[in-house]
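Source file: coords.cif. Holds: mmCIF, C-alpha atoms.
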```cif
data_model
#
loop_
_atom_site.label_atom_id
_atom_site.label_comp_id
_atom_site.auth_asym_id
_atom_site.auth_seq_id
_atom_site.Cartn_x
_atom_site.Cartn_y
_atom_site.Cartn_z
CA SER A 1 36.51 38.33 -16.78
CA LEU A 2 35.18 34.80 -17.34
CA SER A 3 36.77 33.33 -14.24
CA SER A 4 35.97 34.73 -10.82
CA ILE A 5 38.78 36.45 -8.88
CA LYS A 6 39.95 34.56 -5.78
CA ILE A 7 39.93 36.78 -2.67
CA LEU A 8 41.23 36.23 0.85
CA VAL A 9 40.06 38.55 3.65
CA ASN A 10 42.58 39.27 6.41
CA GLY A 11 41.13 40.68 9.63
CA ALA A 12 37.99 38.73 8.76
CA ARG A 13 36.62 38.76 12.30
CA GLY A 14 36.83 42.52 12.71
CA ARG A 15 33.97 44.97 12.06
CA MET A 16 35.21 45.86 8.56
CA GLY A 17 36.35 42.31 7.84
CA LEU A 18 32.90 40.86 8.49
CA GLU A 19 31.38 43.37 6.04
CA ALA A 20 34.05 42.56 3.43
CA VAL A 21 33.41 38.81 3.72
CA GLU A 22 29.68 39.34 3.12
CA ALA A 23 30.22 41.77 0.22
CA ILE A 24 32.68 39.46 -1.54
CA GLU A 25 30.36 36.46 -1.10
CA ASN A 26 27.58 38.48 -2.75
CA ASP A 27 29.66 39.65 -5.72
CA PRO A 28 29.37 37.31 -8.75
CA ASP A 29 32.83 38.33 -10.04
CA LEU A 30 34.61 37.48 -6.77
CA THR A 31 35.13 34.21 -4.89
CA LEU A 32 36.01 34.16 -1.20
CA VAL A 33 38.76 31.54 -0.81
CA GLY A 34 39.94 32.34 2.71
CA GLN A 35 39.44 34.25 5.95
CA THR A 36 42.34 34.97 8.26
CA ASP A 37 42.86 36.89 11.46
CA LEU A 38 45.53 37.53 14.11
CA GLU A 39 46.35 33.92 14.96
CA ASP A 40 46.63 32.72 11.34
CA ASP A 41 49.76 32.55 9.20
CA LEU A 42 48.95 34.97 6.39
CA GLU A 43 51.65 33.80 3.99
CA VAL A 44 50.72 30.12 4.31
CA SER A 45 47.01 30.96 3.95
CA ILE A 46 47.63 32.91 0.73
CA GLN A 47 49.59 30.01 -0.75
CA GLN A 48 47.14 27.32 0.32
CA SER A 49 44.03 29.20 -0.80
CA GLY A 50 45.46 30.34 -4.13
CA ALA A 51 44.23 33.86 -3.39
CA GLU A 52 44.88 36.34 -6.19
CA ALA A 53 44.09 39.40 -4.06
CA VAL A 54 44.01 39.96 -0.29
CA VAL A 55 41.69 42.45 1.37
CA ASP A 56 43.27 43.67 4.62
CA PHE A 57 41.27 45.41 7.36
CA THR A 58 43.48 45.00 10.42
CA THR A 59 45.27 47.53 12.63
CA ALA A 60 47.87 50.19 11.92
CA SER A 61 50.55 48.31 13.89
CA VAL A 62 50.52 45.33 11.49
CA ALA A 63 49.38 46.97 8.22
CA PHE A 64 52.91 47.44 6.87
CA SER A 65 54.10 43.87 7.54
CA ASN A 66 50.80 42.46 6.24
CA CYS A 67 51.08 44.38 2.98
CA ASN A 68 54.71 43.30 2.68
CA THR A 69 53.71 39.64 3.22
CA ILE A 70 50.90 39.85 0.63
CA ILE A 71 53.22 41.25 -2.07
CA GLN A 72 56.01 38.79 -1.26
CA ALA A 73 53.49 35.94 -1.54
CA GLY A 74 52.60 37.12 -5.04
CA ALA A 75 49.05 38.27 -4.27
CA ARG A 76 47.60 41.74 -4.84
CA PRO A 77 47.02 43.85 -1.72
CA VAL A 78 43.75 45.73 -1.18
CA ILE A 79 44.54 47.57 2.04
CA GLY A 80 41.82 49.43 3.92
CA THR A 81 43.76 49.73 7.16
CA SER A 82 44.74 53.32 7.86
CA GLY A 83 47.76 54.52 9.83
CA LEU A 84 50.50 53.68 7.31
CA LEU A 85 53.22 56.34 7.21
CA PRO A 86 54.11 58.01 3.88
CA GLU A 87 57.59 56.43 3.89
CA GLU A 88 56.04 52.99 4.52
CA VAL A 89 53.68 53.47 1.57
CA GLU A 90 56.68 54.45 -0.62
CA GLU A 91 58.64 51.40 0.47
CA LEU A 92 55.70 49.11 -0.34
CA GLN A 93 55.23 50.82 -3.71
CA GLY A 94 58.88 50.09 -4.50
CA LEU A 95 58.43 46.43 -3.57
CA ALA A 96 55.27 46.10 -5.69
CA LYS A 97 57.10 47.64 -8.64
CA GLU A 98 59.98 45.20 -8.19
CA LYS A 99 57.53 42.27 -8.20
CA ASN A 100 55.39 43.84 -10.95
CA ILE A 101 52.31 43.46 -8.75
CA GLY A 102 49.32 45.81 -8.66
CA GLY A 103 47.52 46.82 -5.51
CA ILE A 104 45.84 49.60 -3.58
CA ILE A 105 46.13 51.22 -0.19
CA ALA A 106 43.06 53.37 0.42
CA PRO A 107 42.51 55.51 3.50
CA ASN A 108 38.81 55.47 2.59
CA PHE A 109 36.84 53.18 0.26
CA ALA A 110 33.61 55.24 0.30
CA ILE A 111 32.91 56.99 -3.00
CA GLY A 112 31.52 60.03 -1.12
CA ALA A 113 34.71 60.37 0.89
CA VAL A 114 36.79 60.32 -2.30
CA LEU A 115 34.56 63.09 -3.70
CA MET A 116 34.82 65.07 -0.44
CA MET A 117 38.63 64.99 -0.76
CA LYS A 118 38.46 65.97 -4.45
CA PHE A 119 36.12 68.91 -3.79
CA ALA A 120 38.17 70.05 -0.78
CA SER A 121 41.27 70.06 -2.95
CA GLU A 122 39.47 72.21 -5.55
CA ALA A 123 38.12 74.62 -2.92
CA ALA A 124 41.59 75.13 -1.43
CA ARG A 125 42.73 76.92 -4.59
CA TYR A 126 40.31 79.74 -3.80
CA LEU A 127 39.96 79.47 -0.02
CA PRO A 128 43.37 78.55 1.42
CA ASP A 129 42.28 78.93 5.07
CA ALA A 130 41.01 75.52 6.13
CA GLU A 131 40.58 73.21 9.11
CA ILE A 132 39.61 69.54 9.24
CA ILE A 133 37.34 67.90 11.80
CA GLU A 134 37.21 64.10 11.61
CA LEU A 135 34.83 62.05 13.74
CA HIS A 136 35.03 58.28 14.23
CA HIS A 137 33.76 55.47 16.46
CA GLU A 138 35.44 55.01 19.84
CA LYS A 139 37.35 51.89 18.78
CA LYS A 140 39.40 53.58 16.07
CA VAL A 141 42.94 53.49 17.45
CA ASP A 142 44.86 55.87 15.16
CA ALA A 143 44.34 59.65 15.19
CA PRO A 144 44.08 61.58 13.03
CA SER A 145 42.48 59.33 10.43
CA GLY A 146 44.24 58.40 7.20
CA THR A 147 41.50 60.29 5.36
CA ALA A 148 42.24 63.50 7.30
CA ILE A 149 45.99 63.21 6.67
CA LYS A 150 45.41 62.62 2.95
CA THR A 151 42.91 65.51 2.76
CA ALA A 152 45.41 67.87 4.38
CA ALA A 153 48.08 66.84 1.86
CA LEU A 154 45.68 67.43 -1.05
CA ILE A 155 44.68 70.85 0.30
CA ALA A 156 48.32 71.85 0.82
CA SER A 157 49.31 70.81 -2.69
CA SER A 158 46.51 72.69 -4.42
CA ARG A 159 46.68 75.95 -2.41
CA LEU A 160 48.10 78.82 -4.44
CA ARG A 161 49.20 80.62 -1.27
CA SER A 162 49.62 79.83 2.39
CA PRO A 163 47.16 81.41 4.81
CA ASP A 164 48.42 84.30 6.93
CA PRO A 165 49.96 83.12 10.20
CA LEU A 166 47.72 83.54 13.23
CA GLU A 167 48.72 84.99 16.55
CA GLU A 168 47.48 82.40 18.96
CA LYS A 169 48.16 81.18 22.45
CA GLU A 170 47.00 77.74 23.54
CA ILE A 171 45.87 77.93 27.16
CA LEU A 172 45.57 74.15 27.05
CA SER A 173 48.03 72.32 24.82
CA GLY A 174 46.30 70.74 21.83
CA ALA A 175 43.33 73.10 21.87
CA ARG A 176 44.00 74.06 18.25
CA GLY A 177 44.33 70.45 17.14
CA ALA A 178 47.24 68.66 15.50
CA ARG A 179 48.88 70.01 12.35
CA ALA A 180 49.02 68.06 9.08
CA ASN A 181 50.71 70.06 6.32
CA GLU A 182 50.17 73.13 8.54
CA ILE A 183 46.41 72.49 8.51
CA PRO A 184 44.70 72.08 11.91
CA VAL A 185 43.10 68.65 12.30
CA HIS A 186 40.68 67.85 15.12
CA SER A 187 39.86 64.21 15.95
CA VAL A 188 36.63 63.20 17.71
CA ARG A 189 36.14 59.64 19.04
CA LEU A 190 32.67 58.72 20.32
CA PRO A 191 30.38 55.68 20.41
CA GLY A 192 27.53 56.02 17.90
CA LEU A 193 29.78 57.38 15.15
CA VAL A 194 31.11 55.37 12.20
CA ALA A 195 33.31 57.57 9.95
CA HIS A 196 32.75 61.26 9.28
CA GLN A 197 34.79 64.21 8.09
CA GLU A 198 34.11 67.91 7.67
CA VAL A 199 36.47 70.32 5.95
CA LEU A 200 35.82 73.95 6.87
CA PHE A 201 37.04 76.78 4.64
CA GLY A 202 36.96 80.43 5.65
CA GLY A 203 37.09 83.50 3.42
CA LYS A 204 36.07 87.13 3.61
CA SER A 205 32.70 87.15 5.42
CA GLN A 206 31.93 83.58 4.29
CA THR A 207 32.60 79.93 5.05
CA LEU A 208 32.32 76.74 3.02
CA SER A 209 31.79 73.36 4.63
CA ILE A 210 32.35 70.06 2.79
CA ARG A 211 31.21 67.07 4.80
CA HIS A 212 30.98 63.34 4.28
CA ASP A 213 29.25 60.84 6.58
CA SER A 214 29.48 57.05 6.46
CA ILE A 215 26.36 55.94 8.31
CA HIS A 216 27.22 52.22 8.10
CA ARG A 217 30.31 50.19 7.26
CA ASP A 218 28.61 48.78 4.17
CA SER A 219 29.22 52.24 2.59
CA PHE A 220 32.82 51.11 2.00
CA MET A 221 31.99 47.82 0.30
CA PRO A 222 31.25 48.86 -3.31
CA GLY A 223 34.70 50.50 -3.29
CA VAL A 224 36.33 47.39 -1.83
CA CYS A 225 34.74 45.10 -4.45
CA LEU A 226 35.67 47.53 -7.24
CA ALA A 227 39.27 47.59 -5.99
CA CYS A 228 39.47 43.78 -5.92
CA LYS A 229 38.65 43.72 -9.64
CA LYS A 230 40.69 46.73 -10.75
CA VAL A 231 43.95 45.69 -9.04
CA MET A 232 44.09 42.63 -11.28
CA ASP A 233 44.94 44.91 -14.22
CA LEU A 234 47.41 47.12 -12.32
CA ASN A 235 51.18 46.66 -12.18
CA ARG A 236 51.79 49.23 -9.44
CA LEU A 237 50.59 49.95 -5.92
CA VAL A 238 48.34 53.03 -5.83
CA TYR A 239 47.39 55.15 -2.81
CA GLY A 240 43.74 56.21 -2.80
CA LEU A 241 40.58 54.92 -4.45
CA GLU A 242 40.49 57.86 -6.89
CA HIS A 243 43.21 56.12 -8.95
CA LEU A 244 40.76 53.34 -9.80
CA LEU A 245 37.68 55.42 -10.62
#
```
Give the structure from the file, written as structure tokens.
Amino acid sequence: SLSSIKILVNGARGRMGLEAVEAIENDPDLTLVGQTDLEDDLEVSIQQSGAEAVVDFTTASVAFSNCNTIIQAGARPVIGTSGLLPEEVEELQGLAKEKNIGGIIAPNFAIGAVLMMKFASEAARYLPDAEIIELHHEKKVDAPSGTAIKTAALIASSRLRSPDPLEEKEILSGARGARANEIPVHSVRLPGLVAHQEVLFGGKSQTLSIRHDSIHRDSFMPGVCLACKKVMDLNRLVYGLEHLL
């Protein structure tokens, strides 16, 4: 477009927020018109800055109300915060439809992570036995990750049959991980990690491993900038970056 899109970054002082601010400032099609964080009034900031879209990298506890505020204020949400529940996403999608506003909630903005989910979903048709191991930095509060939950849902929906039930006894509760769509998910939290996920498939005398690693937070930024542009032409709230590719 001829005119640059006005973007506000919420959670601008966080690790992801700082990256988003820099990426938006370096994108010729986007103009950074505001930076907000915990102590700021998001609604007032949107109105005063004239922001057309709001990038939100905050925490799971406020993601729903933030997204609600953004839509009510007439701006387009670009939500990278994970931890939103499926029913919350549905409620927000209903609100966006009512207001005829486009937006995106993406558990992962890295192109490689989107491909990892796509390939895992394809593999599940042939190898229904799968487990997910997700590994993140020690400051990630929610477990499992939004990416792992979404991957499990994709695997479950593309499997042609359910795997045979196992006879198992947990000596220590939780040893076999949590279950998302009946798929075991194991969450690792350690310093030194950024965002990583491995999906393991098992078949007769063989395994298949599909793994994605984000080495740095700037891996998410091309997806964030793409989303800021694409949401301007949307009239619904989508869940997942694949809807914009």
- Task: Measuring atom to atom with only C-alpha atoms, identify which of A:Lys229, A:His243, A:His216, A:Arg176 is nearest to Glu131 of chain A.
- Result: A:Arg176
- Task: Name the residues captured by the PyMOL selection byres ((chain A and resi 33) around 6) when it is applied to the shown file; answer as a VMD selection string.
- Result: chain A and resid 6 to 8 32 34 49
- Could you spell out the hits of the PyMOL selection byres ((chain A and resi 235) around 9) on the shown file, as a PyMOL selection string? chain A and resi 96-97+99-103+231-234+236-237
- Determine the residue set returned by the PyMOL selection byres ((chain A and resi 58) around 6) for the present structure, and present it as an NGL selection string. :A and (11 or 56-57 or 59 or 81)
- Query: Distance atom CA of Ile149 of chain A-atom CA of Ser209 of chain A, one decimal place?
  - Reply: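 Straight-line distance from atom CA of Ile149 of chain A to atom CA of Ser209 of chain A works out to 17.6 Å.
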- Sel. within 10 Å of pt (28.9, 55.8, 13.5), counting all atoms listed in the file, output as an MDAnalysis selection string: chainID A and resid 135:138 189:196 213:217
- Find the residues with any atom within 9 Å of (38.9, 47.9, -1.0); use all atoms listed in the file and the coordinates as given in the file, and write the answer as a list in words. Ala20, Val55, Asp56, Val78, Ile79, Gly80, Ile104, Ile105, Ala106, Asn108, Phe109, Phe220, Met221, Pro222, Gly223, Val224, Cys225, Leu226, Ala227, Cys228 and Leu241 of chain A
- Tell me which of A:Glu182, A:Asp164, A:Lys230, A:Gly240 sits closest to Ile5 of chain A, counting all atoms listed in the file. A:Lys230
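Our summary of the geometry notes that atom CA of Ala12 of chain A is positioned 19.1 Å from atom CA of Ala110 of chain A.
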With N, CA and C atoms as the goal, would you fill in the gaps in segment 47-60 of chain A and present it as an mmCIF file, in the frame of the given file?
```
data_model
loop_
_atom_site.group_PDB
_atom_site.id
_atom_site.type_symbol
_atom_site.label_atom_id
_atom_site.label_comp_id
_atom_site.auth_asym_id
_atom_site.auth_seq_id
_atom_site.Cartn_x
_atom_site.Cartn_y
_atom_site.Cartn_z
ATOM 1 N N GLN A 47 49.101 31.077 0.125
ATOM 2 C CA GLN A 47 49.590 30.010 -0.750
ATOM 3 C C GLN A 47 48.609 28.839 -0.832
ATOM 4 N N GLN A 48 48.053 28.460 0.310
ATOM 5 C CA GLN A 48 47.140 27.320 0.320
ATOM 6 C C GLN A 48 45.814 27.610 -0.370
ATOM 7 N N SER A 49 45.341 28.850 -0.248
ATOM 8 C CA SER A 49 44.030 29.200 -0.800
ATOM 9 C C SER A 49 44.095 29.584 -2.283
ATOM 10 N N GLY A 50 45.312 29.873 -2.756
ATOM 11 C CA GLY A 50 45.460 30.340 -4.130
ATOM 12 C C GLY A 50 44.881 31.721 -4.360
ATOM 13 N N ALA A 51 44.804 32.506 -3.293
ATOM 14 C CA ALA A 51 44.230 33.860 -3.390
ATOM 15 C C ALA A 51 45.003 34.730 -4.377
ATOM 16 N N GLU A 52 44.258 35.434 -5.225
ATOM 17 C CA GLU A 52 44.880 36.340 -6.190
ATOM 18 C C GLU A 52 44.993 37.752 -5.612
ATOM 19 N N ALA A 53 44.060 38.094 -4.727
ATOM 20 C CA ALA A 53 44.090 39.400 -4.060
ATOM 21 C C ALA A 53 43.727 39.200 -2.592
ATOM 22 N N VAL A 54 44.291 40.048 -1.728
ATOM 23 C CA VAL A 54 44.010 39.960 -0.290
ATOM 24 C C VAL A 54 43.489 41.303 0.205
ATOM 25 N N VAL A 55 42.272 41.269 0.743
ATOM 26 C CA VAL A 55 41.690 42.450 1.370
ATOM 27 C C VAL A 55 42.155 42.474 2.819
ATOM 28 N N ASP A 56 42.745 43.592 3.257
ATOM 29 C CA ASP A 56 43.270 43.670 4.620
ATOM 30 C C ASP A 56 42.609 44.798 5.402
ATOM 31 N N PHE A 57 41.816 44.431 6.412
ATOM 32 C CA PHE A 57 41.270 45.410 7.360
ATOM 33 C C PHE A 57 41.731 44.969 8.743
ATOM 34 N N THR A 58 42.941 45.400 9.109
ATOM 35 C CA THR A 58 43.480 45.000 10.420
ATOM 36 C C THR A 58 43.771 46.269 11.236
ATOM 37 N N THR A 59 44.934 46.341 11.844
ATOM 38 C CA THR A 59 45.270 47.530 12.630
ATOM 39 C C THR A 59 46.568 48.142 12.119
ATOM 40 N N ALA A 60 46.727 49.422 12.399
ATOM 41 C CA ALA A 60 47.870 50.190 11.920
ATOM 42 C C ALA A 60 49.209 49.530 12.261
#
```
